[in-house]
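Peer 1: File name start.cif; file contents mmCIF, C-alpha atoms and all ligand atoms; full text below.
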```cif
data_data
loop_
_atom_site.label_atom_id
_atom_site.label_comp_id
_atom_site.auth_asym_id
_atom_site.auth_seq_id
_atom_site.Cartn_x
_atom_site.Cartn_y
_atom_site.Cartn_z
CA MET A 1 120.47 109.63 150.05
CA LEU A 2 122.46 106.42 150.25
CA ALA A 3 119.26 104.39 149.97
CA SER A 4 118.10 106.30 146.88
CA ARG A 5 121.43 105.73 145.12
CA SER A 6 121.09 101.96 145.46
CA PHE A 7 117.36 101.99 144.63
CA VAL A 8 116.46 99.98 141.56
CA SER A 9 112.98 100.55 140.14
CA PRO A 10 110.62 97.57 139.97
CA ALA A 11 110.56 97.82 136.18
CA ARG A 12 114.34 97.72 136.00
CA GLN A 13 114.44 94.85 138.51
CA PHE A 14 111.99 92.98 136.34
CA LEU A 15 114.05 93.65 133.24
CA ARG A 16 117.20 92.46 134.98
CA GLN A 17 115.47 89.27 136.06
CA ALA A 18 114.15 88.71 132.55
CA GLN A 19 117.62 89.17 131.11
CA HIS A 20 119.04 86.50 133.40
CA ALA A 21 116.13 84.10 133.20
CA PRO A 22 116.45 81.29 130.71
CA ARG A 23 114.48 82.29 127.63
CA TRP A 24 111.62 80.23 126.38
CA THR A 25 111.66 80.02 122.65
CA PRO A 26 108.93 78.29 120.71
CA ALA A 27 109.95 75.40 118.51
CA LEU A 28 109.88 76.95 115.08
CA ARG A 29 109.07 74.96 112.04
CA THR A 30 111.27 75.48 109.02
CA TYR A 31 109.44 75.71 105.74
CA ALA A 32 110.30 73.62 102.73
CA THR A 33 114.06 73.47 103.05
CA ALA A 34 114.65 70.15 101.34
CA ALA A 35 115.73 70.55 97.74
CA GLY A 36 112.76 70.74 95.40
CA ASP A 37 110.24 71.21 98.23
CA LYS A 38 107.72 73.96 97.69
CA VAL A 39 105.70 76.07 100.06
CA ALA A 40 101.97 75.77 99.38
CA LYS A 41 102.43 73.42 96.44
CA PHE A 42 99.08 72.53 94.87
CA LYS A 43 98.23 69.00 95.98
CA GLY A 44 95.04 68.39 93.98
CA GLN A 45 94.81 65.39 91.67
CA LYS A 46 92.83 64.91 88.50
CA GLY A 47 89.83 62.60 88.82
CA ASN A 48 89.12 59.59 86.59
CA ASP A 49 87.47 61.96 84.11
CA GLY A 50 90.81 63.81 83.70
CA LYS A 51 89.51 66.88 85.52
CA TYR A 52 90.36 68.67 88.74
CA THR A 53 87.48 69.56 91.04
CA VAL A 54 87.50 73.19 92.19
CA THR A 55 85.29 74.60 94.96
CA LEU A 56 83.24 77.55 93.75
CA ILE A 57 81.90 80.06 96.26
CA GLU A 58 79.73 82.23 94.04
CA GLY A 59 79.14 84.75 96.80
CA ASP A 60 76.56 87.49 97.22
CA GLY A 61 75.19 90.32 95.09
CA ILE A 62 76.84 90.24 91.65
CA GLY A 63 78.75 87.04 92.67
CA PRO A 64 76.50 84.53 90.84
CA GLU A 65 76.47 86.67 87.65
CA ILE A 66 80.24 87.03 87.40
CA ALA A 67 80.72 83.37 88.41
CA GLN A 68 78.48 82.38 85.48
CA SER A 69 80.80 84.24 83.08
CA VAL A 70 83.78 82.31 84.46
CA LYS A 71 81.92 79.02 84.07
CA ASP A 72 80.89 79.82 80.47
CA ILE A 73 84.39 80.90 79.42
CA TYR A 74 86.03 77.88 81.09
CA SER A 75 83.66 75.53 79.41
CA ALA A 76 84.35 77.12 75.99
CA ALA A 77 88.10 76.97 76.63
CA ASN A 78 87.92 73.28 77.65
CA VAL A 79 89.70 73.88 80.94
CA PRO A 80 90.05 70.49 82.63
CA ILE A 81 88.21 71.40 85.82
CA LYS A 82 84.75 70.85 87.18
CA TRP A 83 83.13 73.15 89.69
CA GLU A 84 81.78 72.14 93.08
CA SER A 85 79.50 74.99 94.14
CA VAL A 86 79.16 75.54 97.87
CA ASP A 87 77.17 77.93 99.96
CA VAL A 88 79.01 79.70 102.75
CA THR A 89 75.99 81.50 104.19
CA PRO A 90 76.64 81.33 107.93
CA ARG A 91 74.49 79.08 110.11
CA LEU A 92 73.71 79.39 113.77
CA VAL A 93 75.34 76.49 115.62
CA ASP A 94 75.20 76.46 119.46
CA GLY A 95 74.47 80.17 119.47
CA LYS A 96 77.48 81.00 117.25
CA THR A 97 77.50 81.75 113.54
CA SER A 98 79.76 79.50 111.55
CA ILE A 99 80.47 78.54 107.96
CA PRO A 100 78.70 75.31 106.91
CA GLN A 101 81.00 72.35 107.44
CA GLU A 102 80.27 71.03 103.90
CA SER A 103 81.89 74.11 102.37
CA ILE A 104 84.98 73.75 104.56
CA ASP A 105 85.15 70.05 103.67
CA SER A 106 84.89 70.89 99.97
CA VAL A 107 87.85 73.31 100.04
CA THR A 108 89.86 70.87 102.19
CA ARG A 109 89.18 68.05 99.74
CA ASN A 110 89.88 70.05 96.56
CA TYR A 111 92.79 72.16 97.92
CA VAL A 112 91.62 75.11 95.84
CA ALA A 113 88.64 77.46 95.61
CA LEU A 114 87.45 80.39 93.54
CA LYS A 115 85.45 82.89 95.53
CA GLY A 116 83.07 85.68 94.57
CA PRO A 117 82.44 88.65 96.88
CA LEU A 118 80.77 88.07 100.24
CA ALA A 119 78.70 90.79 101.86
CA THR A 120 79.61 91.61 105.44
CA PRO A 121 76.94 93.24 107.61
CA VAL A 122 78.19 96.44 109.20
CA GLY A 123 78.17 96.68 113.01
CA LYS A 124 75.93 93.63 113.54
CA GLY A 125 75.28 90.06 112.42
CA HIS A 126 77.86 87.43 111.54
CA VAL A 127 81.61 87.92 111.59
CA SER A 128 83.44 88.65 108.34
CA LEU A 129 83.32 85.45 106.30
CA ASN A 130 86.42 86.56 104.45
CA LEU A 131 88.30 86.68 107.73
CA THR A 132 86.83 83.35 108.82
CA LEU A 133 87.97 81.67 105.61
CA ARG A 134 91.43 83.20 105.99
CA ARG A 135 91.70 81.85 109.52
CA THR A 136 90.13 78.47 108.82
CA PHE A 137 92.61 77.70 106.05
CA ASN A 138 95.57 79.63 107.43
CA LEU A 139 95.87 81.62 104.22
CA PHE A 140 99.27 83.09 105.01
CA ALA A 141 100.10 84.98 101.82
CA ASN A 142 97.99 87.40 99.85
CA VAL A 143 99.21 87.80 96.29
CA ARG A 144 98.10 90.90 94.40
CA PRO A 145 99.32 91.45 90.83
CA CYS A 146 98.33 94.76 89.17
CA LYS A 147 98.73 95.01 85.41
CA SER A 148 97.62 97.96 83.28
CA ILE A 149 94.69 97.08 81.07
CA ALA A 150 95.03 98.23 77.47
CA GLY A 151 92.01 100.30 76.58
CA TYR A 152 91.45 101.48 80.14
CA LYS A 153 93.42 104.69 80.52
CA THR A 154 94.72 105.77 83.92
CA PRO A 155 97.42 108.37 84.72
CA TYR A 156 99.93 105.48 84.65
CA ASP A 157 100.88 103.32 81.66
CA ASN A 158 102.53 99.90 81.61
CA VAL A 159 102.08 99.10 85.29
CA ASN A 160 102.86 95.47 86.08
CA THR A 161 103.48 95.11 89.80
CA VAL A 162 103.27 92.01 92.01
CA LEU A 163 102.91 92.37 95.74
CA ILE A 164 102.88 89.62 98.35
CA ARG A 165 101.51 90.43 101.77
CA GLU A 166 101.97 88.39 104.96
CA ASN A 167 98.38 87.66 105.89
CA THR A 168 98.30 86.21 109.40
CA GLU A 169 100.12 88.37 111.93
CA GLY A 170 101.96 91.68 112.33
CA GLU A 171 99.73 94.62 113.16
CA TYR A 172 96.63 92.49 112.48
CA SER A 173 97.30 89.93 115.22
CA GLY A 174 94.39 91.45 117.14
CA ILE A 175 96.33 91.67 120.42
CA GLU A 176 95.23 94.91 122.01
CA HIS A 177 94.57 95.94 125.59
CA VAL A 178 93.98 98.93 127.77
CA VAL A 179 97.04 99.57 129.96
CA VAL A 180 95.26 102.20 132.07
CA ASP A 181 92.32 104.38 131.20
CA GLY A 182 93.31 106.44 128.16
CA VAL A 183 96.32 104.29 127.25
CA VAL A 184 95.91 101.46 124.77
CA GLN A 185 98.56 99.07 123.59
CA SER A 186 98.43 97.15 120.33
CA ILE A 187 100.99 94.43 119.75
CA LYS A 188 102.62 93.86 116.39
CA LEU A 189 103.50 90.21 116.56
CA ILE A 190 106.12 88.94 114.14
CA THR A 191 107.37 85.37 114.14
CA ARG A 192 110.33 84.01 112.24
CA GLU A 193 108.18 81.12 111.12
CA ALA A 194 105.55 83.29 109.42
CA CYS A 195 108.22 85.55 107.91
CA GLU A 196 110.10 82.59 106.53
CA ARG A 197 106.96 81.06 105.07
CA VAL A 198 105.81 84.18 103.21
CA LEU A 199 109.34 85.10 102.10
CA ARG A 200 110.01 81.63 100.76
CA TYR A 201 106.70 81.76 98.95
CA ALA A 202 107.68 85.12 97.42
CA PHE A 203 110.94 83.71 96.04
CA GLN A 204 109.14 80.66 94.77
CA TYR A 205 106.45 82.81 93.14
CA ALA A 206 109.10 84.99 91.49
CA GLN A 207 110.70 81.85 90.10
CA ASP A 208 107.36 80.47 88.87
CA VAL A 209 106.30 83.64 87.05
CA GLY A 210 109.77 84.38 85.64
CA ARG A 211 110.66 87.47 87.66
CA ASN A 212 114.26 87.50 88.81
CA LYS A 213 114.08 90.10 91.56
CA VAL A 214 112.53 90.01 95.04
CA ARG A 215 112.36 93.14 97.16
CA ALA A 216 111.40 93.17 100.84
CA VAL A 217 109.56 96.31 101.94
CA HIS A 218 110.04 97.18 105.59
CA LYS A 219 110.55 99.82 108.23
CA ALA A 220 113.34 98.16 110.18
CA THR A 221 114.96 101.53 110.75
CA ILE A 222 112.19 102.26 113.27
CA MET A 223 110.83 98.82 114.22
CA LYS A 224 114.26 97.36 114.67
CA MET A 225 113.15 94.12 116.27
CA SER A 226 109.90 93.22 114.48
CA ASP A 227 110.68 94.44 110.96
CA GLY A 228 114.30 93.65 111.75
CA LEU A 229 113.32 89.98 112.11
CA PHE A 230 111.41 90.11 108.82
CA LEU A 231 114.43 91.64 107.11
CA SER A 232 117.06 89.33 108.57
CA THR A 233 114.89 86.33 107.66
CA ALA A 234 114.60 87.74 104.12
CA HIS A 235 118.39 87.95 103.81
CA ARG A 236 118.70 84.35 105.04
CA VAL A 237 116.02 82.94 102.74
CA ALA A 238 117.47 84.90 99.78
CA LYS A 239 120.71 82.86 100.05
CA GLU A 240 118.74 79.79 99.02
CA TYR A 241 117.75 81.48 95.76
CA PRO A 242 121.09 82.71 94.39
CA HIS A 243 119.66 83.13 90.88
CA ILE A 244 117.13 85.67 92.18
CA GLU A 245 118.38 89.16 92.99
CA PHE A 246 117.32 90.31 96.44
CA ASP A 247 117.20 93.77 97.95
CA ALA A 248 115.18 95.71 100.50
CA GLU A 249 113.52 99.09 100.53
CA LEU A 250 111.94 101.31 103.16
CA LEU A 251 108.16 101.47 102.90
CA ASP A 252 107.91 105.25 102.59
CA ASN A 253 110.50 105.23 99.83
CA THR A 254 108.57 102.49 97.99
CA CYS A 255 105.35 104.55 98.15
CA LEU A 256 107.05 107.66 96.86
CA LYS A 257 108.78 105.82 94.02
CA MET A 258 105.73 103.80 93.00
CA VAL A 259 103.42 106.77 92.61
CA THR A 260 106.16 108.72 90.81
CA ASP A 261 106.93 105.95 88.31
CA PRO A 262 105.75 102.37 88.92
CA THR A 263 107.51 100.84 85.89
CA PRO A 264 110.85 100.05 87.66
CA TYR A 265 108.80 97.63 89.79
CA ASN A 266 107.66 95.64 86.76
CA ASP A 267 110.46 93.07 87.08
CA LYS A 268 110.15 92.54 90.85
CA VAL A 269 108.07 90.70 93.40
CA LEU A 270 107.53 92.86 96.47
CA VAL A 271 107.05 91.09 99.79
CA MET A 272 106.14 92.71 103.09
CA PRO A 273 104.48 92.41 106.50
CA ASN A 274 100.70 92.56 106.85
CA LEU A 275 99.73 96.21 107.31
CA TYR A 276 102.16 97.55 104.70
CA GLY A 277 100.85 94.97 102.24
CA ASP A 278 97.24 95.89 102.91
CA ILE A 279 97.85 99.55 102.13
CA LEU A 280 100.36 99.16 99.32
CA SER A 281 98.26 96.56 97.47
CA ASP A 282 95.29 98.93 97.28
CA MET A 283 97.60 101.74 96.26
CA SER A 284 98.91 99.56 93.40
CA ALA A 285 95.32 98.76 92.39
CA GLY A 286 94.72 102.50 92.17
CA LEU A 287 97.53 102.80 89.62
CA ILE A 288 95.63 100.59 87.15
CA GLY A 289 92.14 101.91 87.78
CA GLY A 290 90.93 100.60 91.12
CA LEU A 291 89.85 97.44 92.85
CA GLY A 292 87.34 96.46 90.15
CA LEU A 293 90.06 95.13 87.87
CA THR A 294 92.43 93.49 90.33
CA PRO A 295 92.66 89.80 91.08
CA SER A 296 94.07 88.21 94.20
CA GLY A 297 95.15 84.89 95.60
CA ASN A 298 95.13 83.83 99.24
CA ILE A 299 97.72 81.13 99.61
CA GLY A 300 97.63 78.61 102.45
CA ASP A 301 99.76 75.68 103.53
CA GLU A 302 97.25 73.20 102.20
CA CYS A 303 94.46 75.10 100.45
CA SER A 304 94.37 78.33 98.49
CA ILE A 305 91.46 80.61 97.70
CA PHE A 306 91.43 82.99 94.73
CA GLU A 307 89.08 85.94 94.73
CA ALA A 308 88.25 89.30 93.20
CA VAL A 309 89.08 92.17 95.51
CA HIS A 310 85.87 94.14 94.90
CA GLY A 311 82.69 93.72 96.93
CA SER A 312 79.22 92.37 96.14
CA ALA A 313 78.11 95.62 94.40
CA PRO A 314 74.52 95.49 95.73
CA ASP A 315 73.64 98.59 93.66
CA ILE A 316 73.96 96.70 90.36
CA ALA A 317 73.27 93.12 91.51
CA GLY A 318 70.84 91.14 89.37
CA LYS A 319 70.92 93.65 86.50
CA GLY A 320 73.49 91.90 84.31
CA LEU A 321 75.80 94.93 84.45
CA ALA A 322 78.67 93.55 86.51
CA ASN A 323 82.18 93.31 85.14
CA PRO A 324 83.53 89.77 85.67
CA THR A 325 87.16 90.70 84.78
CA ALA A 326 88.54 90.70 88.33
CA LEU A 327 87.07 87.28 89.11
CA LEU A 328 88.26 85.98 85.75
CA LEU A 329 91.80 87.26 86.37
CA SER A 330 91.70 85.70 89.84
CA SER A 331 90.74 82.41 88.21
CA ILE A 332 93.75 82.80 85.88
CA MET A 333 95.98 83.08 88.97
CA MET A 334 94.29 79.92 90.22
CA LEU A 335 95.04 78.05 86.99
CA THR A 336 98.69 79.14 87.23
CA HIS A 337 98.80 77.88 90.84
CA MET A 338 97.38 74.56 89.61
CA GLY A 339 100.01 74.36 86.87
CA LEU A 340 97.46 74.82 84.04
CA HIS A 341 99.58 77.48 82.35
CA GLU A 342 98.42 76.91 78.78
CA HIS A 343 94.76 77.44 79.62
CA ALA A 344 95.64 80.41 81.82
CA ASN A 345 97.51 82.15 78.99
CA LYS A 346 94.81 81.41 76.43
CA ILE A 347 92.00 82.91 78.54
CA GLN A 348 94.10 85.84 79.76
CA ASN A 349 95.06 86.80 76.19
CA ALA A 350 91.40 86.69 75.17
CA ILE A 351 90.39 88.95 78.09
CA PHE A 352 93.09 91.51 77.31
CA LYS A 353 92.18 91.42 73.60
CA VAL A 354 88.51 92.22 74.30
CA LEU A 355 89.39 94.94 76.81
CA GLY A 356 92.02 96.40 74.47
CA GLU A 357 89.54 96.60 71.57
CA GLY A 358 87.14 98.41 73.92
CA LYS A 359 84.06 97.49 71.86
CA THR A 360 82.37 95.04 74.23
CA ILE A 361 83.14 96.33 77.70
CA THR A 362 80.91 96.84 80.72
CA GLY A 363 79.58 100.11 82.11
CA ASP A 364 82.18 100.51 84.86
CA LEU A 365 84.83 100.74 82.09
CA GLY A 366 82.77 103.19 80.06
CA GLY A 367 81.15 100.64 77.76
CA LYS A 368 77.58 99.44 77.25
CA ALA A 369 77.96 95.66 77.22
CA LYS A 370 76.09 93.41 79.60
CA THR A 371 78.01 90.84 81.67
CA ALA A 372 76.98 87.98 79.34
CA GLU A 373 77.84 89.95 76.17
CA TYR A 374 81.35 90.62 77.48
CA ALA A 375 81.76 86.93 78.35
CA ASP A 376 80.63 85.99 74.81
CA ALA A 377 83.21 88.37 73.33
CA VAL A 378 85.94 86.71 75.43
CA ILE A 379 84.76 83.29 74.24
CA LYS A 380 84.98 84.44 70.59
CA ALA A 381 88.50 85.78 71.23
CA LEU A 382 89.77 82.49 72.67
N1 LIG B 1 86.28 90.29 99.12
C1 LIG B 1 85.01 90.49 99.46
O1 LIG B 1 84.24 89.56 99.57
C2 LIG B 1 84.54 91.90 99.70
C3 LIG B 1 85.37 92.99 99.45
C4 LIG B 1 84.87 94.29 99.64
C5 LIG B 1 83.57 94.47 100.08
N2 LIG B 1 82.80 93.37 100.35
C6 LIG B 1 81.37 93.51 100.77
O2 LIG B 1 80.62 93.94 99.62
C7 LIG B 1 79.50 94.74 100.05
C8 LIG B 1 79.47 96.04 99.25
O3 LIG B 1 80.65 96.77 99.49
P1 LIG B 1 81.00 98.18 98.83
O4 LIG B 1 79.75 98.76 98.25
O5 LIG B 1 81.78 98.93 99.80
O6 LIG B 1 82.03 97.84 97.66
P2 LIG B 1 81.77 97.21 96.22
O7 LIG B 1 83.09 96.83 95.67
O8 LIG B 1 80.75 96.14 96.28
O9 LIG B 1 81.14 98.41 95.33
C9 LIG B 1 81.78 99.67 95.14
C10 LIG B 1 81.35 100.25 93.76
O10 LIG B 1 82.03 99.52 92.73
C11 LIG B 1 81.07 98.93 91.84
N3 LIG B 1 81.57 97.58 91.49
C12 LIG B 1 82.18 96.71 92.31
N4 LIG B 1 82.49 95.58 91.66
C13 LIG B 1 82.05 95.75 90.39
C14 LIG B 1 82.08 94.93 89.23
N5 LIG B 1 82.62 93.71 89.24
N6 LIG B 1 81.53 95.41 88.10
C15 LIG B 1 81.01 96.64 88.05
N7 LIG B 1 80.96 97.48 89.12
C16 LIG B 1 81.48 97.04 90.28
C17 LIG B 1 79.76 98.89 92.59
O11 LIG B 1 78.66 98.89 91.70
C18 LIG B 1 79.86 100.10 93.47
O12 LIG B 1 79.43 101.23 92.76
C19 LIG B 1 79.70 94.94 101.55
O13 LIG B 1 78.85 94.04 102.24
C20 LIG B 1 81.14 94.58 101.81
O14 LIG B 1 81.35 94.06 103.09
C21 LIG B 1 83.24 92.10 100.15
#
```
Let me see whether you can do it: turn the structure in this file into structure tokens.
Ligand SMILES: NC(=O)c1ccc[n+]([C@@H]2O[C@H](COP(=O)([O-])OP(=O)(O)OC[C@H]3O[C@@H](n4cnc5c(N)ncnc54)[C@H](O)[C@@H]3O)[C@@H](O)[C@H]2O)c1

Peer 2:
Amino acid sequence: MLASRSFVSPARQFLRQAQHAPRWTPALRTYATAAGDKVAKFKGQKGNDGKYTVTLIEGDGIGPEIAQSVKDIYSAANVPIKWESVDVTPRLVDGKTSIPQESIDSVTRNYVALKGPLATPVGKGHVSLNLTLRRTFNLFANVRPCKSIAGYKTPYDNVNTVLIRENTEGEYSGIEHVVVDGVVQSIKLITREACERVLRYAFQYAQDVGRNKVRAVHKATIMKMSDGLFLSTAHRVAKEYPHIEFDAELLDNTCLKMVTDPTPYNDKVLVMPNLYGDILSDMSAGLIGGLGLTPSGNIGDECSIFEAVHGSAPDIAGKGLANPTALLLSSIMMLTHMGLHEHANKIQNAIFKVLGEGKTITGDLGGKAKTAEYADAVIKAL
């Protein structure tokens, strides 16, 4: 009886020891704190011909067709860039599939790439190239704007949301193990460093695109430590941007409010951990008509890759039926990232004009135009 009263379980003993042991804390890097410093600032330089070189990964399936539309429109709009096309088809090196080094070197050299869809074999073959690119270039933030397209009616009008998702950790850290048979543990890893980086980028992005509100979406009521760290970091970073209003909202509340009426989100940039961002960004795309119209940017410390969110559409590949709008809008995000705002606005206005008129639109939007005919209409509207 006496013995049992003084018994301390091994788990509790371990916890006690851990509490008294000196804690190891990793040296955390602070992102861009010096005045004027920017996270993920575009570092590319114009060449002697006055043009930036941009890596172009045309991709699979409809990729080359929609990439051609981008090239034609850019050439007509005199955008000061030249394309460096690279092939990312995986090669077998020492028994492992990997992306050709030349393509990695091209993105590293140019700091920016535009990417068409890449087909991923299901259940066999090479690893997801999208994931490989994300890891290779540490693309820490995924930016997903969703703007209603005039002429393409959905149950929601005037949607104009911007969502920034942490892209490297959280629930997608890939740390899972079997504790005992029938019990699996998955670790949601959150670091202050990654939170700070994506949050700072969100404030910076808000500033760059003229939105004066940033809202962190979280579930710190339940995940008090992990989402708690994201939230406390958000409050700290917000102090450095006093001209931008900051608040926070619980994820479930955000979902409910967005599907009820998305327009109050039109003046905000939403920023959130990985899994929430993955789900909420597709939900936002649904508000404007699906993934086929939504652009995205994957922002890294050094390099950034802009891509359409849809896949390679093998069912219509090679038929000239593909809609290049999502890749075009992704390229507009790229131009904005590169500071080429005038060209970005000019092309974007032309795209929205053609879509709004609804005369020369592709089959997926209910029209009859071929990919090239739509691109020609955009060129005429420039
Ligand atoms: N970011 C990426 O690279 C990416 C994203 C999703 C899927 N994929 C890959 O793409 C392949 C096909 O995937 P899926 O069939 O699930 O999705 P998908 O997006 O390729 O196609 C879904 C449907 O949407 C249509 N569609 C898609 N984009 C279109 C466009 N621009 N214009 C007109 N119609 C369009 C297709 O014809 C199809 O009917 C798979 O190998 C998948 O792994 C790649």

Peer 1: Would you kindly return, as a count of residues only, each protein, DNA or RNA residue with an atom no farther than 10 Å from any atom of segment 45-47 of chain A, considering all atoms listed in the file and excluding same-chain residues fewer than 6 positions away?

Peer 2: 7

Peer 1: Could you check which of A:Arg134, A:Lys346, A:Arg200, A:Lys213 is closest to ligand LIG 1 (chain B), using all atoms listed in the file?

Peer 2: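 Nearest candidate to ligand LIG 1 (chain B) out of A:Arg134, A:Lys346, A:Arg200, A:Lys213: A:Arg134.
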
Peer 1: Could you please give me, as a list of chain:residue names, the residues of protein, DNA or RNA lying at most 12 Å from (113.1, 98.0, 111.2) in the coordinate frame of the file, considering only C-alpha atoms?

Peer 2: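 Looking at atoms near the point gives A:Ile190, A:Ala216, A:Val217, A:His218, A:Lys219, A:Ala220, A:Thr221, A:Ile222, A:Met223, A:Lys224, A:Met225, A:Ser226, A:Asp227, A:Gly228, A:Leu229, A:Phe230, A:Leu231, A:Ser232, A:Ala248, A:Glu249, A:Leu250, A:Leu251, A:Met272, A:Pro273.
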
Peer 1: Quick one: residues within 8 Å of segment 55-71 of chain A, all atoms listed in the file counted, chain neighbours fewer than 3 positions away excluded, as a ChimeraX atom specification?

Peer 2: /A:74-75,83-88,106-107,110,112-119,312-314,316-318,320,322-324,327-328,331,371-372,375

Peer 1: Do a neighbour search on segment 147-159 of chain A at 6 Å with only C-alpha atoms, toss out local chain neighbours closer than 5 positions, and write the hits as a PyMOL selection string.

Peer 2: chain A and resi 263+288+355-356+358

Peer 1: Atom CA of Val54 of chain A and atom CA of Glu166 of chain A, how far apart in Å?

Peer 2: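 Here the two named atoms are 24.6 Å from each other.
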
Peer 1: Contacts of Glu176 of chain A at 8 Å or less, counting only C-alpha atoms, minus same-chain residues fewer than 3 places along, as an MDAnalysis selection string?

Peer 2: chainID A and resid 184:187

Peer 1: Pick the closest to Gly289 of chain A from A:Leu321, A:Leu139, A:Cys146, A:Met334: which is it, counting all atoms listed in the file?

Peer 2: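 Of all the options, A:Cys146 lies closest to Gly289 of chain A.
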
Peer 1: Let me make sure I understand: among A:Val378, A:Ala344, A:Cys195, A:Ala369, which one has the smallest atom-to-atom distance to ligand LIG 1 (chain B) if we use all atoms listed in the file?

Peer 2: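 For ligand LIG 1 (chain B), the nearest of the given residues is A:Ala369.
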
Peer 1: Env of segment 277-285 of chain A: 10 Å cut, atoms = only C-alpha atoms, seq-sep filter 3 positions within chain, self excluded. Answer as a PyMOL selection string.

Peer 2: chain A and resi 142-148+159-167+217+251+254-255+258-259+262+270-274+288-296+309

Peer 1: Could you dump the residues just selected with C-alpha atoms as a CSV table (one decimal), in the coordinates of the input?

Peer 2:
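Just written: out_18.csv:
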```csv
chain,number,residue,atom,x,y,z
A,142,ASN,CA,98.0,87.4,99.8
A,143,VAL,CA,99.2,87.8,96.3
A,144,ARG,CA,98.1,90.9,94.4
A,145,PRO,CA,99.3,91.4,90.8
A,146,CYS,CA,98.3,94.8,89.2
A,147,LYS,CA,98.7,95.0,85.4
A,148,SER,CA,97.6,98.0,83.3
A,159,VAL,CA,102.1,99.1,85.3
A,160,ASN,CA,102.9,95.5,86.1
A,161,THR,CA,103.5,95.1,89.8
A,162,VAL,CA,103.3,92.0,92.0
A,163,LEU,CA,102.9,92.4,95.7
A,164,ILE,CA,102.9,89.6,98.4
A,165,ARG,CA,101.5,90.4,101.8
A,166,GLU,CA,102.0,88.4,105.0
A,167,ASN,CA,98.4,87.7,105.9
A,217,VAL,CA,109.6,96.3,101.9
A,251,LEU,CA,108.2,101.5,102.9
A,254,THR,CA,108.6,102.5,98.0
A,255,CYS,CA,105.4,104.6,98.2
A,258,MET,CA,105.7,103.8,93.0
A,259,VAL,CA,103.4,106.8,92.6
A,262,PRO,CA,105.8,102.4,88.9
A,270,LEU,CA,107.5,92.9,96.5
A,271,VAL,CA,107.0,91.1,99.8
A,272,MET,CA,106.1,92.7,103.1
A,273,PRO,CA,104.5,92.4,106.5
A,274,ASN,CA,100.7,92.6,106.8
A,288,ILE,CA,95.6,100.6,87.2
A,289,GLY,CA,92.1,101.9,87.8
A,290,GLY,CA,90.9,100.6,91.1
A,291,LEU,CA,89.8,97.4,92.8
A,292,GLY,CA,87.3,96.5,90.2
A,293,LEU,CA,90.1,95.1,87.9
A,294,THR,CA,92.4,93.5,90.3
A,295,PRO,CA,92.7,89.8,91.1
A,296,SER,CA,94.1,88.2,94.2
A,309,VAL,CA,89.1,92.2,95.5
```

Peer 1: Nearest residue to Arg215 of chain A out of A:Ser173, A:Lys188, A:Glu193, A:Val269, using only C-alpha atoms?

Peer 2: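 Answer, going by the shortest atom-to-atom distance: A:Val269.
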
Peer 1: With the input short on atoms, add N, CA and C atoms back to segment 344-354 of chain A and write it as a compact mmCIF listing (two decimals), in the coordinates of the input.

Peer 2:
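See result_7.txt below for the written result:
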```txt
# COMPACT_ATOMS: atom_id res chain seq x y z
N ALA A 344 95.59 79.08 81.20
CA ALA A 344 95.64 80.41 81.82
C ALA A 344 96.01 81.46 80.78
N ASN A 345 97.06 81.17 80.00
CA ASN A 345 97.51 82.15 78.99
C ASN A 345 96.45 82.39 77.93
N LYS A 346 95.82 81.31 77.50
CA LYS A 346 94.81 81.41 76.43
C LYS A 346 93.65 82.32 76.88
N ILE A 347 93.15 82.11 78.09
CA ILE A 347 92.00 82.91 78.54
C ILE A 347 92.45 84.35 78.83
N GLN A 348 93.63 84.48 79.44
CA GLN A 348 94.10 85.84 79.76
C GLN A 348 94.29 86.68 78.49
N ASN A 349 94.87 86.06 77.45
CA ASN A 349 95.06 86.80 76.19
C ASN A 349 93.72 87.23 75.61
N ALA A 350 92.73 86.35 75.71
CA ALA A 350 91.40 86.69 75.17
C ALA A 350 90.79 87.87 75.95
N ILE A 351 90.94 87.85 77.27
CA ILE A 351 90.39 88.95 78.09
C ILE A 351 91.05 90.27 77.69
N PHE A 352 92.39 90.26 77.61
CA PHE A 352 93.09 91.51 77.31
C PHE A 352 92.77 91.99 75.89
N LYS A 353 92.52 91.04 74.98
CA LYS A 353 92.18 91.42 73.60
C LYS A 353 90.84 92.18 73.60
N VAL A 354 89.85 91.60 74.28
CA VAL A 354 88.51 92.22 74.30
C VAL A 354 88.58 93.59 74.99
```
